[in-house]
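**Student:** You'll find target17.txt just under this line, and it carries compact mmCIF, C-alpha atoms.
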# COMPACT_ATOMS: atom_id res chain seq x y z
CA SER H 2 -7.58 73.82 -197.13
CA ALA H 3 -6.34 73.00 -193.66
CA VAL H 4 -8.62 73.36 -190.67
CA ILE H 5 -6.99 74.99 -187.68
CA SER H 6 -8.48 74.83 -184.19
CA GLN H 7 -7.37 77.09 -181.39
CA LYS H 8 -8.23 77.03 -177.74
CA PRO H 9 -9.14 78.82 -175.68
CA SER H 10 -11.15 81.01 -178.02
CA ARG H 11 -11.16 83.72 -175.40
CA ASP H 12 -10.04 84.26 -171.85
CA ILE H 13 -9.83 86.93 -169.21
CA CYS H 14 -6.61 86.79 -167.24
CA GLN H 15 -5.08 88.51 -164.27
CA ARG H 16 -1.95 90.56 -164.50
CA GLY H 17 1.19 88.55 -163.80
CA THR H 18 -0.24 85.18 -164.78
CA SER H 19 0.60 83.09 -167.84
CA LEU H 20 -1.68 81.47 -170.40
CA THR H 21 -0.98 78.77 -172.95
CA ILE H 22 -2.83 78.75 -176.26
CA GLN H 23 -3.08 75.54 -178.21
CA CYS H 24 -3.23 75.18 -181.97
CA GLN H 25 -4.22 71.95 -183.68
CA VAL H 26 -4.15 71.44 -187.46
CA ASP H 27 -6.16 68.69 -189.09
CA SER H 28 -3.32 67.63 -191.38
CA GLN H 29 0.45 67.71 -191.40
CA VAL H 30 1.85 71.11 -192.28
CA THR H 31 5.33 72.33 -193.00
CA MET H 32 5.23 75.76 -191.47
CA MET H 33 3.33 77.08 -188.46
CA PHE H 34 3.28 80.68 -187.29
CA TRP H 35 1.93 82.74 -184.43
CA TYR H 36 0.58 86.24 -185.02
CA ARG H 37 -0.69 88.92 -182.69
CA GLN H 38 -3.48 91.32 -183.55
CA GLN H 39 -3.77 94.15 -181.06
CA PRO H 40 -7.12 95.95 -180.79
CA GLY H 41 -7.96 97.77 -183.99
CA GLN H 42 -4.63 96.92 -185.58
CA SER H 43 -3.16 94.62 -188.16
CA LEU H 44 -1.39 91.33 -187.65
CA THR H 45 2.19 91.16 -186.45
CA LEU H 46 4.24 88.00 -186.72
CA ILE H 47 5.51 86.82 -183.34
CA ALA H 48 7.47 83.75 -184.39
CA THR H 49 7.77 80.74 -186.62
CA ALA H 50 7.13 77.51 -184.74
CA ASN H 51 9.74 74.98 -185.81
CA GLN H 52 9.05 71.30 -185.37
CA GLY H 53 11.53 69.73 -183.01
CA SER H 54 13.61 72.85 -182.44
CA GLU H 55 13.42 76.31 -180.93
CA ALA H 56 11.06 78.80 -182.51
CA THR H 57 12.36 81.66 -184.63
CA TYR H 58 11.30 84.99 -183.14
CA GLU H 59 10.74 88.27 -184.91
CA SER H 60 12.26 91.51 -183.77
CA GLY H 61 10.61 92.70 -180.59
CA PHE H 62 9.51 89.26 -179.41
CA VAL H 63 11.52 87.03 -177.09
CA ILE H 64 11.30 83.44 -175.94
CA ASP H 65 11.02 84.30 -172.26
CA LYS H 66 7.82 86.25 -172.91
CA PHE H 67 6.34 84.04 -175.63
CA PRO H 68 7.65 80.47 -175.28
CA ILE H 69 6.49 78.30 -178.16
CA SER H 70 6.42 74.57 -178.59
CA ARG H 71 5.88 72.44 -181.65
CA PRO H 72 6.27 68.78 -180.76
CA ASN H 73 4.95 67.45 -184.08
CA LEU H 74 3.70 68.50 -187.51
CA THR H 75 0.12 69.19 -186.45
CA PHE H 76 0.34 70.88 -183.04
CA SER H 77 1.83 73.98 -181.48
CA THR H 78 1.42 76.03 -178.32
CA LEU H 79 2.10 79.67 -177.53
CA THR H 80 2.44 80.81 -173.94
CA VAL H 81 2.00 84.44 -173.01
CA SER H 82 4.02 84.82 -169.83
CA ASN H 83 3.74 87.28 -166.97
CA MET H 84 0.87 89.05 -168.68
CA SER H 85 0.14 92.74 -168.51
CA PRO H 86 -2.79 94.70 -169.93
CA GLU H 87 -0.63 95.52 -172.97
CA ASP H 88 -0.80 91.82 -173.89
CA SER H 89 -4.54 92.06 -174.45
CA SER H 90 -4.81 90.98 -178.07
CA ILE H 91 -6.04 88.34 -180.42
CA TYR H 92 -3.42 85.65 -180.94
CA LEU H 93 -3.72 83.73 -184.19
CA CYS H 94 -2.14 80.50 -185.25
CA SER H 95 -1.51 79.93 -188.93
CA ALA H 96 -0.14 77.15 -191.08
CA ASP H 97 1.19 76.67 -194.56
CA ARG H 98 0.21 73.23 -195.76
CA ALA H 99 2.47 71.65 -198.35
CA ASN H 100 4.65 74.72 -198.34
CA THR H 101 2.36 76.55 -200.77
CA GLY H 102 3.00 80.01 -199.37
CA GLU H 103 -0.69 80.31 -198.60
CA LEU H 104 -1.48 80.62 -194.92
CA PHE H 105 -4.58 79.27 -193.25
CA PHE H 106 -5.63 80.82 -189.98
CA GLY H 107 -7.32 79.66 -186.86
CA GLU H 108 -10.23 81.59 -185.37
CA GLY H 109 -7.91 83.28 -182.92
CA SER H 110 -7.69 83.44 -179.15
CA ARG H 111 -8.90 86.71 -177.68
CA LEU H 112 -7.05 87.54 -174.46
CA THR H 113 -8.05 90.27 -172.07
CA VAL H 114 -5.63 91.03 -169.26
CA LEU H 115 -6.98 92.92 -166.28
CA ALA Z 15 12.55 93.71 -196.61
CA GLN Z 16 8.91 93.47 -197.51
CA SER Z 17 6.16 95.92 -196.59
CA VAL Z 18 2.57 96.67 -197.44
CA THR Z 19 0.61 99.92 -197.47
CA GLN Z 20 -3.15 99.97 -197.63
CA LEU Z 21 -4.53 103.35 -198.61
CA GLY Z 22 -7.59 104.20 -196.57
CA SER Z 23 -8.28 102.61 -193.23
CA HIS Z 24 -12.03 102.99 -193.84
CA VAL Z 25 -13.92 102.71 -197.10
CA SER Z 26 -17.66 103.18 -197.37
CA VAL Z 27 -19.72 102.24 -200.42
CA SER Z 28 -23.37 101.84 -201.26
CA GLU Z 29 -24.83 98.45 -201.92
CA GLY Z 30 -24.39 97.66 -205.61
CA ALA Z 31 -21.52 100.09 -206.07
CA LEU Z 32 -17.97 99.27 -207.08
CA VAL Z 33 -15.60 98.23 -204.32
CA LEU Z 34 -11.96 99.31 -204.66
CA LEU Z 35 -9.48 98.64 -201.87
CA ARG Z 36 -5.95 99.84 -202.53
CA CYS Z 37 -2.74 98.01 -201.71
CA ASN Z 38 0.84 98.89 -202.55
CA TYR Z 39 3.77 96.71 -201.64
CA SER Z 40 7.52 96.81 -201.39
CA SER Z 41 9.62 93.73 -201.99
CA SER Z 42 13.22 93.02 -202.89
CA VAL Z 43 12.32 89.80 -204.74
CA PRO Z 44 9.29 88.75 -206.80
CA PRO Z 45 6.46 88.85 -204.27
CA TYR Z 46 3.59 86.59 -203.45
CA LEU Z 47 0.55 88.76 -202.74
CA PHE Z 48 -2.61 87.97 -200.82
CA TRP Z 49 -5.90 89.48 -199.77
CA TYR Z 50 -7.54 88.20 -196.61
CA VAL Z 51 -10.92 89.08 -195.14
CA GLN Z 52 -11.78 89.13 -191.45
CA TYR Z 53 -15.38 89.16 -190.31
CA PRO Z 54 -16.15 90.31 -186.77
CA ASN Z 55 -14.86 87.95 -184.10
CA GLN Z 56 -13.47 85.54 -186.65
CA GLY Z 57 -10.08 84.54 -188.02
CA LEU Z 58 -8.75 85.42 -191.44
CA GLN Z 59 -10.04 83.89 -194.63
CA LEU Z 60 -8.10 83.95 -197.87
CA LEU Z 61 -9.88 85.84 -200.64
CA LEU Z 62 -7.31 85.43 -203.37
CA LYS Z 63 -3.61 85.24 -204.06
CA TYR Z 64 -1.06 86.04 -206.72
CA THR Z 65 2.04 83.91 -207.05
CA THR Z 66 3.09 83.71 -210.68
CA GLY Z 67 1.43 83.72 -214.08
CA ALA Z 68 -1.73 85.65 -214.89
CA THR Z 69 -1.70 89.04 -213.23
CA LEU Z 70 -5.47 89.27 -212.87
CA VAL Z 71 -6.56 86.85 -210.19
CA LYS Z 72 -10.09 85.97 -209.21
CA GLY Z 73 -11.09 84.99 -205.74
CA ILE Z 74 -14.11 84.05 -203.73
CA ASN Z 75 -17.27 86.09 -203.37
CA GLY Z 76 -16.76 87.89 -206.69
CA PHE Z 77 -13.55 89.66 -205.72
CA GLU Z 78 -10.58 90.03 -207.99
CA ALA Z 79 -7.21 91.77 -207.90
CA GLU Z 80 -4.61 92.74 -210.44
CA PHE Z 81 -0.89 92.56 -209.88
CA LYS Z 82 0.81 95.58 -211.47
CA LYS Z 83 4.55 95.29 -211.11
CA SER Z 84 5.24 98.73 -212.59
CA GLU Z 85 3.00 100.32 -209.98
CA THR Z 86 3.87 97.87 -207.17
CA SER Z 87 0.16 97.54 -206.59
CA PHE Z 88 -2.33 94.79 -205.92
CA HIS Z 89 -5.70 96.53 -205.61
CA LEU Z 90 -8.81 94.54 -204.72
CA THR Z 91 -12.06 95.13 -206.60
CA LYS Z 92 -15.60 93.88 -206.77
CA PRO Z 93 -18.05 95.24 -209.34
CA SER Z 94 -21.07 95.30 -207.06
CA ALA Z 95 -20.94 95.48 -203.28
CA HIS Z 96 -23.19 93.35 -201.13
CA MET Z 97 -24.13 93.97 -197.54
CA SER Z 98 -22.34 90.76 -196.58
CA ASP Z 99 -19.04 92.21 -197.85
CA ALA Z 100 -18.79 94.46 -194.80
CA ALA Z 101 -15.62 93.33 -193.04
CA GLU Z 102 -11.94 94.12 -192.50
CA TYR Z 103 -9.69 93.43 -195.46
CA PHE Z 104 -5.95 92.83 -195.22
CA CYS Z 105 -3.39 92.86 -198.00
CA ALA Z 106 -0.27 90.80 -197.36
CA VAL Z 107 3.04 90.06 -199.05
CA SER Z 108 5.60 87.33 -198.72
CA GLU Z 109 9.05 87.11 -200.20
CA ARG Z 110 8.91 83.43 -200.80
CA GLU Z 111 12.42 83.06 -202.17
CA THR Z 112 14.03 84.56 -199.09
CA SER Z 113 11.63 84.26 -196.19
CA GLY Z 114 9.28 81.48 -197.18
CA SER Z 115 5.72 81.74 -195.98
CA ARG Z 116 6.23 84.60 -193.54
CA LEU Z 117 3.59 87.17 -194.33
CA THR Z 118 3.76 90.90 -193.76
CA PHE Z 119 0.31 92.44 -193.46
CA GLY Z 120 -0.99 95.88 -194.25
CA GLU Z 121 -2.85 97.90 -191.66
CA GLY Z 122 -6.21 96.77 -192.95
CA THR Z 123 -9.19 98.51 -194.53
CA GLN Z 124 -12.59 98.43 -192.89
CA LEU Z 125 -15.26 98.19 -195.58
CA THR Z 126 -18.73 99.48 -194.78
CA VAL Z 127 -21.61 98.80 -197.16
CA ASN Z 128 -24.57 101.13 -196.89
CA PRO Z 129 -28.07 100.08 -197.95
Take the structure in this file and express it as structure tokens.
**Tutor:**
Amino acid sequence: SAVISQKPSRDICQRGTSLTIQCQVDSQVTMMFWYRQQPGQSLTLIATANQGSEATYESGFVIDKFPISRPNLTFSTLTVSNMSPEDSSIYLCSADRANTGELFFGEGSRLTVL
Amino acid sequence: AQSVTQLGSHVSVSEGALVLLRCNYSSSVPPYLFWYVQYPNQGLQLLLKYTTGATLVKGINGFEAEFKKSETSFHLTKPSAHMSDAAEYFCAVSERETSGSRLTFGEGTQLTVNP
């Protein structure tokens, strides 16, 4: 299985600021995804991080709010821009190694926006 | 479009009792089905998956699930609950032929194991 490292693991942020979350996979993967898990809720897909091109966003998520980069096959970043308390969530990076359809997840980044 | 419904947001069992967590799915193409477990303050860990072939799949920690196409179900079971099984469990579906590895998750079931 792939090992996925995320940082920061948690942060407390002020309203109106932006935070970038990094995701590093220990091996080359085909697909990388970013999910959000709001308090007490399930996971919602934010976007698919495409290597070398713009991310593919799900309905309700836009690039201006959640810019994503994926410069190579093992690394991606998610920025949460102009944060509000409603953005307080766990953000999880996931990857599908060898295009198996099985996703591996990072430990998540727990954001609290004051 | 794919969707998942988990019946029961909270399930409580006694240690040693049968665990049954229910999952029904909707998919326009043959689905891939997954169960993930999330322990407090941790990420998700794959318990088991169904892709093709045998409909009864066995996973880690003694869990298993059966894919029933006629019932569009993929219920998770374990014959004897252990205290360490207390966690949040998520059922997920992907429509691999049309949307690749994108997973749609159910709302989750919090399993409590009582001594």
**Student:** Looking at all atoms listed in the file, which of Z:Ala95, Z:Leu62, Z:Val25, Z:Cys37 is the one that sits closest to Glu121 of chain Z?
**Tutor:** Z:Cys37
**Student:** How far is it from atom CA of Arg36 of chain Z to atom CA of Ile74 of chain Z, in Å with one decimal?
**Tutor:**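 A separation of 17.8 Å between them.
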**Student:** At a cut-off of 7 Å, using all atoms listed in the file, what residues contact Val27 of chain Z? Leave out same-chain residues fewer than 2 positions from it and give the result as a list in words.
**Tutor:**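 Residues meeting the cut-off are Val25, Glu29, Ala31, Val33, Thr126, Val127 and Asn128 of chain Z.
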**Student:** Find the residues of chain H that sit at most 8 Å from chain Z; for each, write down the nearest two atoms and how far apart they are in Å, to one decimal. Count only C-alpha atoms. Sort by chain, then by number going up, and give it as CSV.
**Tutor:**
residue,atom,partner,partner_atom,distance
H:Met32,CA,Z:Ser115,CA,7.5
H:Phe34,CA,Z:Arg116,CA,7.9
H:Gln42,CA,Z:Glu121,CA,6.4
H:Ser43,CA,Z:Glu121,CA,4.8
H:Leu44,CA,Z:Phe119,CA,6.2
H:Thr45,CA,Z:Phe119,CA,7.4
H:Leu46,CA,Z:Thr118,CA,7.6
H:Leu93,CA,Z:Gly57,CA,7.5
H:Asp97,CA,Z:Ser115,CA,6.9
H:Asn100,CA,Z:Ser115,CA,7.5
H:Thr101,CA,Z:Ser115,CA,7.8
H:Gly102,CA,Z:Ser115,CA,4.7
H:Glu103,CA,Z:Ser115,CA,7.1
H:Leu104,CA,Z:Ser115,CA,7.4
H:Phe105,CA,Z:Gln59,CA,7.3
H:Phe106,CA,Z:Leu58,CA,5.7
H:Gly107,CA,Z:Gly57,CA,5.7
H:Glu108,CA,Z:Gly57,CA,4.0
H:Gly109,CA,Z:Gly57,CA,5.7
**Student:** Selected residues, C-alpha atoms, written as a compact mmCIF listing (two decimals), keeping the file's coordinate frame, please.
**Tutor:**
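The file below, selection_17.txt, is the result:
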# COMPACT_ATOMS: atom_id res chain seq x y z
CA MET H 32 5.23 75.76 -191.47
CA PHE H 34 3.28 80.68 -187.29
CA GLN H 42 -4.63 96.92 -185.58
CA SER H 43 -3.16 94.62 -188.16
CA LEU H 44 -1.39 91.33 -187.65
CA THR H 45 2.19 91.16 -186.45
CA LEU H 46 4.24 88.00 -186.72
CA LEU H 93 -3.72 83.73 -184.19
CA ASP H 97 1.19 76.67 -194.56
CA ASN H 100 4.65 74.72 -198.34
CA THR H 101 2.36 76.55 -200.77
CA GLY H 102 3.00 80.01 -199.37
CA GLU H 103 -0.69 80.31 -198.60
CA LEU H 104 -1.48 80.62 -194.92
CA PHE H 105 -4.58 79.27 -193.25
CA PHE H 106 -5.63 80.82 -189.98
CA GLY H 107 -7.32 79.66 -186.86
CA GLU H 108 -10.23 81.59 -185.37
CA GLY H 109 -7.91 83.28 -182.92
**Student:** I need the residue nearest Pro72 of chain H from this list: H:Ala96, H:Ala56, H:Val114, H:Cys14. Use all atoms listed in the file for the distance.
**Tutor:**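 For Pro72 of chain H, the nearest of the candidates is H:Ala56.
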**Student:** Do you have the atom CA of Val4 of chain H-atom CA of Val30 of chain H distance handy?
**Tutor:**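 About the pair atom CA of Val4 of chain H and atom CA of Val30 of chain H: they are 10.8 Å apart.
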**Student:** Quick one: segment 34-46 of chain Z with all heavy atoms, as a PDB file, in the first residue's frame?
**Tutor:**
ATOM      1  N   LEU Z  34     -23.178  -6.070  12.485  1.00  0.00           N
ATOM      2  CA  LEU Z  34     -23.786  -5.953  11.157  1.00  0.00           C
ATOM      3  C   LEU Z  34     -23.970  -4.480  10.856  1.00  0.00           C
ATOM      4  O   LEU Z  34     -24.749  -3.796  11.525  1.00  0.00           O
ATOM      5  CB  LEU Z  34     -25.139  -6.664  11.106  1.00  0.00           C
ATOM      6  CG  LEU Z  34     -25.985  -6.432   9.843  1.00  0.00           C
ATOM      7  CD1 LEU Z  34     -25.250  -6.908   8.599  1.00  0.00           C
ATOM      8  CD2 LEU Z  34     -27.347  -7.115   9.964  1.00  0.00           C
ATOM      9  N   LEU Z  35     -23.262  -4.005   9.849  1.00  0.00           N
ATOM     10  CA  LEU Z  35     -23.387  -2.615   9.409  1.00  0.00           C
ATOM     11  C   LEU Z  35     -23.927  -2.645   7.983  1.00  0.00           C
ATOM     12  O   LEU Z  35     -23.347  -3.284   7.114  1.00  0.00           O
ATOM     13  CB  LEU Z  35     -22.036  -1.901   9.462  1.00  0.00           C
ATOM     14  CG  LEU Z  35     -21.326  -1.914  10.823  1.00  0.00           C
ATOM     15  CD1 LEU Z  35     -20.031  -1.112  10.739  1.00  0.00           C
ATOM     16  CD2 LEU Z  35     -22.216  -1.389  11.922  1.00  0.00           C
ATOM     17  N   ARG Z  36     -25.013  -1.926   7.769  1.00  0.00           N
ATOM     18  CA  ARG Z  36     -25.738  -2.026   6.501  1.00  0.00           C
ATOM     19  C   ARG Z  36     -25.331  -0.937   5.517  1.00  0.00           C
ATOM     20  O   ARG Z  36     -25.150   0.229   5.901  1.00  0.00           O
ATOM     21  CB  ARG Z  36     -27.235  -1.962   6.755  1.00  0.00           C
ATOM     22  CG  ARG Z  36     -27.745  -3.085   7.629  1.00  0.00           C
ATOM     23  CD  ARG Z  36     -29.235  -2.964   7.882  1.00  0.00           C
ATOM     24  NE  ARG Z  36     -29.699  -3.974   8.837  1.00  0.00           N
ATOM     25  CZ  ARG Z  36     -30.077  -5.190   8.486  1.00  0.00           C
ATOM     26  NH1 ARG Z  36     -30.058  -5.567   7.219  1.00  0.00           N
ATOM     27  NH2 ARG Z  36     -30.489  -6.034   9.412  1.00  0.00           N
ATOM     28  N   CYS Z  37     -25.243  -1.353   4.250  1.00  0.00           N
ATOM     29  CA  CYS Z  37     -24.883  -0.436   3.173  1.00  0.00           C
ATOM     30  C   CYS Z  37     -25.655  -0.814   1.917  1.00  0.00           C
ATOM     31  O   CYS Z  37     -25.618  -1.981   1.490  1.00  0.00           O
ATOM     32  CB  CYS Z  37     -23.389  -0.489   2.902  1.00  0.00           C
ATOM     33  SG  CYS Z  37     -22.855   0.434   1.443  1.00  0.00           S
ATOM     34  N   ASN Z  38     -26.351   0.143   1.362  1.00  0.00           N
ATOM     35  CA  ASN Z  38     -26.996  -0.032   0.065  1.00  0.00           C
ATOM     36  C   ASN Z  38     -26.449   1.003  -0.897  1.00  0.00           C
ATOM     37  O   ASN Z  38     -26.155   2.128  -0.512  1.00  0.00           O
ATOM     38  CB  ASN Z  38     -28.512   0.092   0.189  1.00  0.00           C
ATOM     39  CG  ASN Z  38     -29.125  -1.100   0.878  1.00  0.00           C
ATOM     40  OD1 ASN Z  38     -29.241  -1.135   2.106  1.00  0.00           O
ATOM     41  ND2 ASN Z  38     -29.490  -2.097   0.094  1.00  0.00           N
ATOM     42  N   TYR Z  39     -26.327   0.633  -2.143  1.00  0.00           N
ATOM     43  CA  TYR Z  39     -25.717   1.523  -3.111  1.00  0.00           C
ATOM     44  C   TYR Z  39     -26.613   1.688  -4.326  1.00  0.00           C
ATOM     45  O   TYR Z  39     -27.541   0.901  -4.558  1.00  0.00           O
ATOM     46  CB  TYR Z  39     -24.354   0.961  -3.559  1.00  0.00           C
ATOM     47  CG  TYR Z  39     -24.497  -0.280  -4.410  1.00  0.00           C
ATOM     48  CD1 TYR Z  39     -24.599  -0.195  -5.793  1.00  0.00           C
ATOM     49  CD2 TYR Z  39     -24.578  -1.541  -3.820  1.00  0.00           C
ATOM     50  CE1 TYR Z  39     -24.775  -1.326  -6.575  1.00  0.00           C
ATOM     51  CE2 TYR Z  39     -24.757  -2.673  -4.585  1.00  0.00           C
ATOM     52  CZ  TYR Z  39     -24.850  -2.572  -5.960  1.00  0.00           C
ATOM     53  OH  TYR Z  39     -25.042  -3.683  -6.723  1.00  0.00           O
ATOM     54  N   SER Z  40     -26.305   2.710  -5.091  1.00  0.00           N
ATOM     55  CA  SER Z  40     -26.939   2.929  -6.381  1.00  0.00           C
ATOM     56  C   SER Z  40     -25.836   3.221  -7.385  1.00  0.00           C
ATOM     57  O   SER Z  40     -24.946   4.031  -7.115  1.00  0.00           O
ATOM     58  CB  SER Z  40     -27.908   4.115  -6.307  1.00  0.00           C
ATOM     59  OG  SER Z  40     -28.407   4.428  -7.588  1.00  0.00           O
ATOM     60  N   SER Z  41     -25.894   2.523  -8.519  1.00  0.00           N
ATOM     61  CA  SER Z  41     -24.855   2.711  -9.520  1.00  0.00           C
ATOM     62  C   SER Z  41     -25.409   2.364 -10.897  1.00  0.00           C
ATOM     63  O   SER Z  41     -26.157   1.405 -11.038  1.00  0.00           O
ATOM     64  CB  SER Z  41     -23.657   1.820  -9.207  1.00  0.00           C
ATOM     65  OG  SER Z  41     -22.669   1.915 -10.216  1.00  0.00           O
ATOM     66  N   SER Z  42     -25.001   3.127 -11.886  1.00  0.00           N
ATOM     67  CA  SER Z  42     -25.507   2.908 -13.242  1.00  0.00           C
ATOM     68  C   SER Z  42     -24.645   1.906 -14.008  1.00  0.00           C
ATOM     69  O   SER Z  42     -25.022   1.461 -15.088  1.00  0.00           O
ATOM     70  CB  SER Z  42     -25.550   4.238 -14.001  1.00  0.00           C
ATOM     71  OG  SER Z  42     -24.273   4.848 -13.990  1.00  0.00           O
ATOM     72  N   VAL Z  43     -23.499   1.552 -13.447  1.00  0.00           N
ATOM     73  CA  VAL Z  43     -22.613   0.560 -14.066  1.00  0.00           C
ATOM     74  C   VAL Z  43     -22.172  -0.391 -12.950  1.00  0.00           C
ATOM     75  O   VAL Z  43     -22.392  -0.111 -11.771  1.00  0.00           O
ATOM     76  CB  VAL Z  43     -21.381   1.228 -14.717  1.00  0.00           C
ATOM     77  CG1 VAL Z  43     -21.816   2.196 -15.804  1.00  0.00           C
ATOM     78  CG2 VAL Z  43     -20.536   1.924 -13.669  1.00  0.00           C
ATOM     79  N   PRO Z  44     -21.574  -1.533 -13.312  1.00  0.00           N
ATOM     80  CA  PRO Z  44     -21.088  -2.431 -12.249  1.00  0.00           C
ATOM     81  C   PRO Z  44     -20.186  -1.676 -11.277  1.00  0.00           C
ATOM     82  O   PRO Z  44     -19.203  -1.064 -11.677  1.00  0.00           O
ATOM     83  CB  PRO Z  44     -20.321  -3.493 -13.037  1.00  0.00           C
ATOM     84  CG  PRO Z  44     -21.013  -3.532 -14.350  1.00  0.00           C
ATOM     85  CD  PRO Z  44     -21.408  -2.112 -14.637  1.00  0.00           C
ATOM     86  N   PRO Z  45     -20.528  -1.720 -10.007  1.00  0.00           N
ATOM     87  CA  PRO Z  45     -19.792  -0.905  -9.030  1.00  0.00           C
ATOM     88  C   PRO Z  45     -18.559  -1.599  -8.465  1.00  0.00           C
ATOM     89  O   PRO Z  45     -18.466  -2.815  -8.462  1.00  0.00           O
ATOM     90  CB  PRO Z  45     -20.818  -0.713  -7.925  1.00  0.00           C
ATOM     91  CG  PRO Z  45     -21.565  -2.024  -7.912  1.00  0.00           C
ATOM     92  CD  PRO Z  45     -21.632  -2.436  -9.362  1.00  0.00           C
ATOM     93  N   TYR Z  46     -17.640  -0.776  -7.986  1.00  0.00           N
ATOM     94  CA  TYR Z  46     -16.624  -1.243  -7.055  1.00  0.00           C
ATOM     95  C   TYR Z  46     -17.096  -0.771  -5.683  1.00  0.00           C
ATOM     96  O   TYR Z  46     -17.519   0.384  -5.538  1.00  0.00           O
ATOM     97  CB  TYR Z  46     -15.256  -0.635  -7.354  1.00  0.00           C
ATOM     98  CG  TYR Z  46     -14.504  -1.258  -8.495  1.00  0.00           C
ATOM     99  CD1 TYR Z  46     -15.140  -2.009  -9.483  1.00  0.00           C
ATOM    100  CD2 TYR Z  46     -13.132  -1.087  -8.605  1.00  0.00           C
ATOM    101  CE1 TYR Z  46     -14.426  -2.577 -10.525  1.00  0.00           C
ATOM    102  CE2 TYR Z  46     -12.409  -1.649  -9.651  1.00  0.00           C
ATOM    103  CZ  TYR Z  46     -13.063  -2.392 -10.609  1.00  0.00           C
ATOM    104  OH  TYR Z  46     -12.343  -2.950 -11.643  1.00  0.00           O
TER     105      TYR Z  46
END
